[in-house]
$ cat start.pdb   # PDB, C-alpha atoms
MODEL        1
ATOM      1  CA  MET A  29      94.379 144.816  95.200
ATOM      2  CA  SER A  30      96.815 141.951  95.721
ATOM      3  CA  GLU A  31      96.230 139.576  98.559
ATOM      4  CA  SER A  32      98.523 139.531 101.545
ATOM      5  CA  ARG A  33     100.323 136.304 102.176
ATOM      6  CA  ARG A  34     102.214 134.772 105.064
ATOM      7  CA  THR A  35     104.501 131.786 104.847
ATOM      8  CA  VAL A  36     105.043 129.139 107.478
ATOM      9  CA  ASP A  37     108.179 127.198 106.686
ATOM     10  CA  ALA A  38     107.786 123.872 108.469
ATOM     11  CA  ARG A  39     110.342 121.978 106.410
ATOM     12  CA  GLY A  40     112.408 119.660 108.539
ATOM     13  CA  GLN A  41     109.945 119.877 111.431
ATOM     14  CA  ALA A  42     108.708 116.641 112.977
ATOM     15  CA  CYS A  43     105.026 115.912 113.537
ATOM     16  CA  PRO A  44     103.047 117.628 115.073
ATOM     17  CA  GLN A  45     105.132 120.799 114.748
ATOM     18  CA  PRO A  46     103.867 121.745 111.246
ATOM     19  CA  VAL A  47     100.282 121.602 112.510
ATOM     20  CA  ILE A  48     101.180 123.642 115.601
ATOM     21  CA  LEU A  49     102.879 126.327 113.482
ATOM     22  CA  THR A  50      99.908 126.420 111.085
ATOM     23  CA  ARG A  51      97.485 126.707 113.934
ATOM     24  CA  LYS A  52      99.510 129.527 115.537
ATOM     25  CA  ALA A  53      99.663 131.485 112.269
ATOM     26  CA  LEU A  54      95.929 131.092 111.690
ATOM     27  CA  ALA A  55      95.217 132.278 115.228
ATOM     28  CA  GLU A  56      97.379 135.369 114.720
ATOM     29  CA  GLY A  57      95.741 136.188 111.373
ATOM     30  CA  GLY A  58      96.461 139.412 109.491
ATOM     31  CA  PHE A  59      96.805 137.853 106.022
ATOM     32  CA  ASP A  60      94.574 136.679 103.205
ATOM     33  CA  LEU A  61      96.484 133.538 102.342
ATOM     34  CA  LEU A  62      98.690 131.270 104.406
ATOM     35  CA  GLU A  63     101.373 129.293 102.644
ATOM     36  CA  VAL A  64     102.696 126.268 104.548
ATOM     37  CA  LEU A  65     105.823 124.454 103.408
ATOM     38  CA  VAL A  66     106.386 120.875 104.548
ATOM     39  CA  ASP A  67     108.684 118.105 103.363
ATOM     40  CA  ASP A  68     106.984 115.038 104.726
ATOM     41  CA  ALA A  69     103.876 113.261 103.408
ATOM     42  CA  SER A  70     102.285 112.791 106.834
ATOM     43  CA  SER A  71     102.862 116.446 107.708
ATOM     44  CA  ARG A  72     101.189 117.441 104.452
ATOM     45  CA  GLU A  73      98.160 115.250 105.172
ATOM     46  CA  ASN A  74      97.961 116.457 108.762
ATOM     47  CA  VAL A  75      98.129 120.141 107.824
ATOM     48  CA  VAL A  76      95.461 119.694 105.136
ATOM     49  CA  ARG A  77      93.263 117.796 107.579
ATOM     50  CA  PHE A  78      93.786 120.396 110.265
ATOM     51  CA  ALA A  79      92.838 123.099 107.754
ATOM     52  CA  GLY A  80      89.529 121.301 107.320
ATOM     53  CA  TYR A  81      88.903 121.305 111.053
ATOM     54  CA  ALA A  82      89.808 125.001 111.165
ATOM     55  CA  SER A  83      87.283 125.663 108.357
ATOM     56  CA  CYS A  84      90.001 126.915 106.024
ATOM     57  CA  VAL A  85      89.788 126.565 102.280
ATOM     58  CA  VAL A  86      92.674 124.554 100.896
ATOM     59  CA  GLU A  87      93.283 126.566  97.739
ATOM     60  CA  GLU A  88      96.005 124.318  96.414
ATOM     61  CA  VAL A  89      98.659 121.785  97.332
ATOM     62  CA  LEU A  90     101.699 121.945  95.103
ATOM     63  CA  GLU A  91     104.334 119.253  95.060
ATOM     64  CA  GLU A  92     107.760 120.645  94.326
ATOM     65  CA  GLY A  93     110.156 117.743  94.618
ATOM     66  CA  ALA A  94     110.196 116.659  98.242
ATOM     67  CA  VAL A  95     108.488 119.860  99.349
ATOM     68  CA  SER A  96     104.733 120.394  99.510
ATOM     69  CA  ARG A  97     103.414 123.941  99.311
ATOM     70  CA  ILE A  98      99.951 124.170 100.893
ATOM     71  CA  LEU A  99      97.973 127.321 100.278
ATOM     72  CA  LEU A 100      95.253 128.006 102.837
ATOM     73  CA  ARG A 101      92.614 130.691 102.913
ATOM     74  CA  PRO A 102      91.341 131.250 106.459
ATOM     75  CA  ALA A 103      87.611 131.222 107.110
ATOM     76  CA  PRO A 104      86.235 134.767 106.789
ATOM     77  CA  ALA A 105      85.656 136.526 110.101
ATOM     78  CA  ALA A 106      82.103 137.571 110.935
ATOM     79  CA  PRO A 107      81.551 141.057 109.488
ATOM     80  CA  THR A 108      81.261 143.913 111.938
ATOM     81  CA  SER A 109      80.031 147.464 111.426
ATOM     82  CA  ALA A 110      83.620 148.709 111.482
ATOM     83  CA  ARG A 111      84.733 146.319 108.800
ATOM     84  CA  VAL A 112      83.647 146.555 105.189
ATOM     85  CA  PHE A 113      84.390 143.900 102.646
ATOM     86  CA  ALA A 114      85.142 145.136  99.154
ATOM     87  CA  ALA A 115      83.865 141.895  97.735
ATOM     88  CA  PRO A 116      82.030 138.968  99.221
ATOM     89  CA  ALA A 117      84.495 136.661 100.872
ATOM     90  CA  PRO A 118      84.604 133.184  99.367
ATOM     91  CA  ALA A 119      82.579 130.662 101.285
ATOM     92  CA  PRO A 120      84.750 128.149 103.107
ATOM     93  CA  VAL A 121      84.542 124.575 101.971
ATOM     94  CA  PRO A 122      82.360 122.944 104.571
ATOM     95  CA  VAL A 123      84.366 120.267 106.301
ATOM     96  CA  VAL A 124      82.552 118.235 108.876
ATOM     97  CA  PRO A 125      84.818 116.222 111.162
ATOM     98  CA  ALA A 126      83.854 112.585 110.775
ATOM     99  CA  ALA A 127      83.067 112.156 114.443
ATOM    100  CA  ALA A 128      79.729 110.404 114.093
ATOM    101  CA  GLY A 129      79.587 106.859 115.378
ATOM    102  CA  THR A 130      81.611 105.081 117.994
ATOM    103  CA  THR A 131      85.362 105.489 118.413
ATOM    104  CA  VAL A 132      87.364 102.606 119.847
ATOM    105  CA  LEU A 133      90.588 103.740 121.478
ATOM    106  CA  ILE A 134      93.274 101.071 121.810
ATOM    107  CA  THR A 135      96.404 102.029 123.718
ATOM    108  CA  ALA A 136      98.176  98.689 124.060
ATOM    109  CA  ALA A 137      98.814  95.576 122.028
ATOM    110  CA  GLY A 138      96.942  93.535 124.632
ATOM    111  CA  ILE A 139      93.839  94.017 126.729
ATOM    112  CA  GLY A 140      94.277  94.795 130.407
ATOM    113  CA  ALA A 141      97.054  94.312 132.908
ATOM    114  CA  GLY A 142      98.234  90.816 133.774
ATOM    115  CA  ASP A 143      99.624  88.076 131.628
ATOM    116  CA  GLU A 144     100.944  89.486 128.347
ATOM    117  CA  GLN A 145     100.004  86.436 126.310
ATOM    118  CA  LEU A 146      96.463  86.486 127.646
ATOM    119  CA  GLY A 147      96.195  90.212 126.931
ATOM    120  CA  ALA A 148      97.272  89.644 123.329
ATOM    121  CA  LEU A 149      94.832  86.763 123.003
ATOM    122  CA  LEU A 150      91.958  88.880 124.291
ATOM    123  CA  MET A 151      92.836  91.663 121.854
ATOM    124  CA  ARG A 152      92.794  89.265 118.918
ATOM    125  CA  GLY A 153      89.442  87.964 120.061
ATOM    126  CA  PHE A 154      88.056  91.450 120.557
ATOM    127  CA  LEU A 155      89.066  92.639 117.091
ATOM    128  CA  TYR A 156      87.722  89.476 115.464
ATOM    129  CA  THR A 157      84.423  89.974 117.279
ATOM    130  CA  LEU A 158      84.247  93.546 115.985
ATOM    131  CA  THR A 159      84.516  92.197 112.436
ATOM    132  CA  GLU A 160      81.460  90.045 113.138
ATOM    133  CA  ALA A 161      79.485  92.744 114.949
ATOM    134  CA  GLU A 162      76.307  93.894 113.282
ATOM    135  CA  GLU A 163      77.221  97.527 113.832
ATOM    136  CA  ALA A 164      80.893  98.280 113.378
ATOM    137  CA  PRO A 165      82.529 101.259 115.091
ATOM    138  CA  ALA A 166      83.199 104.314 112.962
ATOM    139  CA  ARG A 167      86.880 104.261 113.723
ATOM    140  CA  ILE A 168      89.648 102.670 115.740
ATOM    141  CA  ILE A 169      92.401 104.874 117.119
ATOM    142  CA  LEU A 170      95.670 103.140 117.942
ATOM    143  CA  MET A 171      98.092 104.756 120.362
ATOM    144  CA  ASN A 172     101.277 103.734 122.179
ATOM    145  CA  GLY A 173     101.654  99.914 122.012
ATOM    146  CA  GLY A 174      98.319  99.735 120.178
ATOM    147  CA  VAL A 175     100.038 100.753 116.926
ATOM    148  CA  ARG A 176     101.827  97.379 116.970
ATOM    149  CA  LEU A 177      98.496  95.786 116.022
ATOM    150  CA  ALA A 178      98.447  97.522 112.634
ATOM    151  CA  VAL A 179     101.903  96.662 111.409
ATOM    152  CA  THR A 180     103.196  93.887 109.202
ATOM    153  CA  GLY A 181     103.445  90.588 111.076
ATOM    154  CA  SER A 182     100.777  91.420 113.651
ATOM    155  CA  ASP A 183      98.312  88.667 114.517
ATOM    156  CA  SER A 184      95.550  91.260 114.525
ATOM    157  CA  LEU A 185      96.350  92.727 111.127
ATOM    158  CA  VAL A 186      93.910  90.471 109.283
ATOM    159  CA  ASN A 187      91.044  91.651 111.472
ATOM    160  CA  LEU A 188      91.976  95.318 111.155
ATOM    161  CA  LEU A 189      92.054  94.871 107.370
ATOM    162  CA  ARG A 190      88.600  93.287 107.485
ATOM    163  CA  LEU A 191      87.338  96.197 109.569
ATOM    164  CA  ALA A 192      88.871  98.682 107.148
ATOM    165  CA  GLU A 193      87.088  96.870 104.312
ATOM    166  CA  ARG A 194      83.844  97.393 106.199
ATOM    167  CA  GLY A 195      84.514 101.110 106.268
ATOM    168  CA  VAL A 196      86.015 101.391 109.749
ATOM    169  CA  GLU A 197      88.688 104.070 109.769
ATOM    170  CA  ILE A 198      91.939 102.852 111.305
ATOM    171  CA  LEU A 199      94.033 105.695 112.704
ATOM    172  CA  ALA A 200      97.537 105.152 114.034
ATOM    173  CA  CYS A 201      99.332 107.722 116.174
ATOM    174  CA  GLY A 202     102.280 109.063 114.179
ATOM    175  CA  THR A 203     104.378 109.864 117.233
ATOM    176  CA  CYS A 204     103.920 106.307 118.502
ATOM    177  CA  LEU A 205     104.862 104.752 115.150
ATOM    178  CA  GLU A 206     107.924 106.936 115.063
ATOM    179  CA  PHE A 207     108.852 106.107 118.662
ATOM    180  CA  TYR A 208     108.705 102.371 117.986
ATOM    181  CA  GLN A 209     110.327 102.857 114.540
ATOM    182  CA  LEU A 210     107.317 101.251 112.888
ATOM    183  CA  LYS A 211     106.284 104.016 110.512
ATOM    184  CA  GLU A 212     107.305 102.034 107.446
ATOM    185  CA  ALA A 213     105.638  98.868 108.734
ATOM    186  CA  LEU A 214     102.129 100.317 109.035
ATOM    187  CA  ALA A 215      99.991  97.957 106.961
ATOM    188  CA  VAL A 216      96.477  99.284 107.471
ATOM    189  CA  GLY A 217      94.863 102.671 107.994
ATOM    190  CA  ARG A 218      96.603 105.993 108.082
ATOM    191  CA  VAL A 219      98.844 108.038 110.320
ATOM    192  CA  THR A 220      97.211 110.661 112.472
ATOM    193  CA  ASN A 221      98.244 113.255 115.045
ATOM    194  CA  MET A 222      97.268 114.358 118.520
ATOM    195  CA  TYR A 223      95.035 117.180 117.266
ATOM    196  CA  GLU A 224      92.842 114.842 115.286
ATOM    197  CA  ILE A 225      92.876 112.217 118.035
ATOM    198  CA  ALA A 226      91.892 114.711 120.734
ATOM    199  CA  GLY A 227      89.228 116.189 118.469
ATOM    200  CA  LEU A 228      87.684 112.791 117.790
ATOM    201  CA  LEU A 229      87.819 111.674 121.426
ATOM    202  CA  LEU A 230      86.023 114.828 122.525
ATOM    203  CA  GLN A 231      83.193 114.220 120.112
ATOM    204  CA  GLY A 232      80.797 111.318 120.038
ATOM    205  CA  ARG A 233      81.093 108.098 121.962
ATOM    206  CA  THR A 234      84.491 106.614 122.788
ATOM    207  CA  ILE A 235      85.192 103.156 124.116
ATOM    208  CA  SER A 236      88.652 102.648 125.551
ATOM    209  CA  VAL A 237      90.133  99.170 125.401
TER
ATOM    210  CA  MET B  16      83.663  74.387 100.569
ATOM    211  CA  THR B  17      83.260  73.676 104.253
ATOM    212  CA  ASP B  18      84.410  75.855 107.115
ATOM    213  CA  LEU B  19      85.429  73.935 110.214
ATOM    214  CA  LEU B  20      85.710  75.033 113.797
ATOM    215  CA  ALA B  21      87.611  73.247 116.545
ATOM    216  CA  THR B  22      86.896  73.797 120.218
ATOM    217  CA  PHE B  23      89.298  72.945 123.032
ATOM    218  CA  ARG B  24      89.118  72.400 126.769
ATOM    219  CA  THR B  25      91.209  75.478 127.506
ATOM    220  CA  SER B  26      92.502  78.557 125.696
ATOM    221  CA  HIS B  27      96.061  77.299 126.316
ATOM    222  CA  GLU B  28      95.248  74.173 124.316
ATOM    223  CA  ALA B  29      93.751  76.296 121.540
ATOM    224  CA  LEU B  30      96.896  78.432 121.426
ATOM    225  CA  ARG B  31      99.167  75.394 121.329
ATOM    226  CA  ALA B  32      97.094  73.813 118.565
ATOM    227  CA  GLU B  33      97.216  77.040 116.570
ATOM    228  CA  GLN B  34     101.004  77.035 116.672
ATOM    229  CA  THR B  35     101.206  73.362 115.706
ATOM    230  CA  LEU B  36      98.733  73.630 112.835
ATOM    231  CA  LYS B  37     100.205  76.843 111.469
ATOM    232  CA  GLY B  38     103.635  75.267 111.694
ATOM    233  CA  GLY B  39     102.244  72.422 109.598
ATOM    234  CA  GLY B  40     100.983  74.829 106.953
ATOM    235  CA  LEU B  41      97.310  74.915 107.923
ATOM    236  CA  ALA B  42      95.858  78.435 107.888
ATOM    237  CA  VAL B  43      93.759  78.364 111.030
ATOM    238  CA  GLU B  44      92.450  81.442 112.779
ATOM    239  CA  LEU B  45      92.139  81.812 116.528
ATOM    240  CA  ILE B  46      88.751  83.325 117.350
ATOM    241  CA  PRO B  47      86.452  83.575 120.403
ATOM    242  CA  VAL B  48      84.156  80.577 120.785
ATOM    243  CA  PRO B  49      80.818  81.494 119.145
ATOM    244  CA  ARG B  50      78.086  82.023 121.713
ATOM    245  CA  GLN B  51      75.888  79.465 119.911
ATOM    246  CA  ILE B  52      78.401  76.802 120.966
ATOM    247  CA  ARG B  53      79.351  77.870 124.451
ATOM    248  CA  GLY B  54      78.277  80.697 126.693
ATOM    249  CA  ASP B  55      81.493  81.101 128.643
ATOM    250  CA  CYS B  56      84.594  82.854 127.405
ATOM    251  CA  GLY B  57      87.063  80.848 125.404
ATOM    252  CA  PHE B  58      88.953  80.527 122.159
ATOM    253  CA  CYS B  59      88.705  78.103 119.298
ATOM    254  CA  LEU B  60      90.206  77.606 115.857
ATOM    255  CA  LEU B  61      88.458  78.405 112.607
ATOM    256  CA  LEU B  62      89.568  76.718 109.433
ATOM    257  CA  GLU B  63      87.949  78.317 106.427
ATOM    258  CA  ALA B  64      87.381  76.496 103.144
ATOM    259  CA  ALA B  65      88.551  73.155 104.439
ATOM    260  CA  GLY B  66      87.753  71.482 101.143
ATOM    261  CA  ALA B  67      84.851  69.499  99.770
ATOM    262  CA  VAL B  68      86.043  66.377 101.593
ATOM    263  CA  PRO B  69      87.481  67.731 104.833
ATOM    264  CA  GLU B  70      88.104  64.425 106.630
ATOM    265  CA  GLU B  71      91.864  64.853 106.557
ATOM    266  CA  ARG B  72      91.543  68.358 108.041
ATOM    267  CA  ILE B  73      89.153  67.106 110.705
ATOM    268  CA  ALA B  74      91.648  64.409 111.645
ATOM    269  CA  ARG B  75      94.436  66.985 111.946
ATOM    270  CA  LEU B  76      92.302  69.200 114.178
ATOM    271  CA  ARG B  77      91.485  66.230 116.409
ATOM    272  CA  ALA B  78      95.120  65.171 116.505
ATOM    273  CA  CYS B  79      95.959  68.587 117.933
ATOM    274  CA  GLY B  80      93.695  68.004 120.900
ATOM    275  CA  ALA B  81      90.405  69.453 119.677
ATOM    276  CA  GLN B  82      87.612  68.483 122.025
ATOM    277  CA  ASP B  83      85.009  68.891 119.297
ATOM    278  CA  VAL B  84      85.033  69.761 115.610
ATOM    279  CA  TRP B  85      82.108  71.634 114.105
ATOM    280  CA  ARG B  86      80.883  72.207 110.584
ATOM    281  CA  VAL B  87      80.105  75.882 110.032
ATOM    282  CA  THR B  88      77.285  76.977 107.774
ATOM    283  CA  ALA B  89      76.819  80.619 106.891
ATOM    284  CA  ILE B  90      73.272  81.715 106.151
ATOM    285  CA  PRO B  91      72.996  85.120 104.477
ATOM    286  CA  PHE B  92      70.603  87.640 105.994
ATOM    287  CA  PRO B  93      67.959  88.640 103.440
ATOM    288  CA  THR B  94      68.323  92.345 104.202
ATOM    289  CA  SER B  95      72.066  92.812 104.670
ATOM    290  CA  SER B  96      75.447  91.495 103.663
ATOM    291  CA  ARG B  97      75.904  89.909 107.110
ATOM    292  CA  LYS B  98      75.643  86.181 107.571
ATOM    293  CA  GLU B  99      74.212  84.206 110.436
ATOM    294  CA  LYS B 100      76.344  81.178 111.204
ATOM    295  CA  SER B 101      75.159  77.824 112.433
ATOM    296  CA  TYR B 102      77.337  75.077 113.897
ATOM    297  CA  GLU B 103      76.860  71.329 113.602
ATOM    298  CA  ARG B 104      79.034  69.082 115.756
ATOM    299  CA  ILE B 105      80.799  66.387 113.749
ATOM    300  CA  PRO B 106      80.590  63.079 115.630
TER
ENDMDL
END

$ encode --input "start.pdb" --output "structure tokens"
Amino acid sequence: MSESRRTVDARGQACPQPVILTRKALAEGGFDLLEVLVDDASSRENVVRFAGYASCVVEEVLEEGAVSRILLRPAPAAPTSARVFAAPAPAPVPVVPAAAGTTVLITAAGIGAGDEQLGALLMRGFLYTLTEAEEAPARIILMNGGVRLAVTGSDSLVNLLRLAERGVEILACGTCLEFYQLKEALAVGRVTNMYEIAGLLLQGRTISV
Amino acid sequence: MTDLLATFRTSHEALRAEQTLKGGGLAVELIPVPRQIRGDCGFCLLLEAAGAVPEERIARLRACGAQDVWRVTAIPFPTSSRKEKSYERIP
């Protein structure tokens, strides 16, 4: 018996719309395979990452020119007495969200309200001190003005690069980079979306700076 | 190679010195004052790999208003990749 398939065409949709459409389709169900079409590298990464959080199996990701075709198999539903599986459903690839360890949330280019120069100075000092700390945080999430720290020309870039070398994940809000037109200038870490950010902030310990 | 550290009376002075030295081609880094040197908050300038004979660099740091210049020694921890740093004030 052939497998039923549904297609979500998210081409031309800005982040986080492809993830929202994928999530909606998965919630509705009624298919064996979900095909998601995107035409942006960050959308592709975000959909694949979201699939992991949703315990889907990413069967394949095909690149067809500028378009990525992502094939997802939803996690099998728990069997009930009224439902009989003809064959054992494939086990989902276990994906554990990397939420262990401390998350540092940075929402501005400087620390605190007051003098802007002092705020920037304190931020530089804080990030340098993190590079020297015995136990580094697991990740740093940059939102709003905080994304300015991770772009080319930032005084704090050197310290974020050192932290990344130590294994600290640097995550920059895609919407924020887009808003400030800094997407191309991101020089460390990767672009993320609100789903991943909210998921990480709700798990484990978060320090907001 | 010797790492040098310059402390200043105020953070404003450290900032000004950073601009001057960077403008003169010296790759200094503005960092918080290590707690081994001073317990209160403040910023200083770190100059890594100042050369085997760093007198000229020391003179430039002093010329920019450094209150003190320190020689930095990094001592590796036996059980990790981290290094403990010690600071010796250069008279």

$ interface_residues --input "start.pdb" --of "chain B" --to "chain A" --cutoff "9 Å" --atoms "only C-alpha atoms" --output "PyMOL selection string"
chain B and resi 26+30+45-47+58+97-98

$ resolve_selection --input "start.pdb" --expression "the PyMOL selection byres ((chain B and resi 64) around 12)" --output "ChimeraX atom specification"
/B:16-20,41-44,61-63,65-69,72,86-89

$ residues_near_point --input "start.pdb" --point "(92.7, 68.3, 118.6)" --cutoff "9 Å" --atoms "all atoms listed in the file" --output "list in words"
Ala21, Thr22, Phe23, Glu28, Ala29, Ala32, Ile73, Ala74, Arg75, Leu76, Arg77, Ala78, Cys79, Gly80, Ala81, Gln82, Asp83 and Val84 of chain B

$ closest_residue --input "start.pdb" --among "A:Ala42, A:Val75, A:Cys84, A:Ala226" --to "Arg97 (chain A)" --atoms "only C-alpha atoms"
A:Val75

$ resolve_selection --input "start.pdb" --expression "the PyMOL selection byres ((chain A and resi 234) around 12)" --output "ChimeraX atom specification"
/A:127-134,165-169,225-233,235-237

$ write_last_selection --input "start.pdb" --atoms "C-alpha atoms" --output "CSV table (one decimal), keeping the file's coordinate frame"
chain,number,residue,atom,x,y,z
A,127,ALA,CA,83.1,112.2,114.4
A,128,ALA,CA,79.7,110.4,114.1
A,129,GLY,CA,79.6,106.9,115.4
A,130,THR,CA,81.6,105.1,118.0
A,131,THR,CA,85.4,105.5,118.4
A,132,VAL,CA,87.4,102.6,119.8
A,133,LEU,CA,90.6,103.7,121.5
A,134,ILE,CA,93.3,101.1,121.8
A,165,PRO,CA,82.5,101.3,115.1
A,166,ALA,CA,83.2,104.3,113.0
A,167,ARG,CA,86.9,104.3,113.7
A,168,ILE,CA,89.6,102.7,115.7
A,169,ILE,CA,92.4,104.9,117.1
A,225,ILE,CA,92.9,112.2,118.0
A,226,ALA,CA,91.9,114.7,120.7
A,227,GLY,CA,89.2,116.2,118.5
A,228,LEU,CA,87.7,112.8,117.8
A,229,LEU,CA,87.8,111.7,121.4
A,230,LEU,CA,86.0,114.8,122.5
A,231,GLN,CA,83.2,114.2,120.1
A,232,GLY,CA,80.8,111.3,120.0
A,233,ARG,CA,81.1,108.1,122.0
A,235,ILE,CA,85.2,103.2,124.1
A,236,SER,CA,88.7,102.6,125.6
A,237,VAL,CA,90.1,99.2,125.4

$ atom_distance --input "start.pdb" --atom1 "CA of Gly58 (chain A)" --atom2 "CA of Pro102 (chain A)"
10.1 Å

$ atom_distance --input "start.pdb" --atom1 "CA of Ala55 (chain A)" --atom2 "CA of Cys201 (chain A)"
24.9 Å

$ resolve_selection --input "start.pdb" --expression "the PyMOL selection byres ((chain B and resi 52) around 10)" --output "MDAnalysis selection string"
chainID B and resid 22 48:51 53:55 85 101:104

$ atom_distance --input "start.pdb" --atom1 "CA of Gly80 (chain A)" --atom2 "CA of Ile198 (chain A)"
19.0 Å

$ residues_around --input "start.pdb" --residues "Val86 (chain A)" --least-positions-apart "6" --cutoff "9 Å" --atoms "all atoms listed in the file" --output "list of chain:residue names"
A:Val76, A:Ala79, A:Gly80, A:Ile98, A:Leu99, A:Leu100, A:Arg101, A:Pro102, A:Pro120, A:Val121

$ residues_around --input "start.pdb" --residues "Val175 (chain A)" --least-positions-apart "6" --cutoff "8 Å" --atoms "all atoms listed in the file" --output "list in words"
Thr135, Ala136, Ala137, Ala200, Cys201, Cys204 and Leu205 of chain A
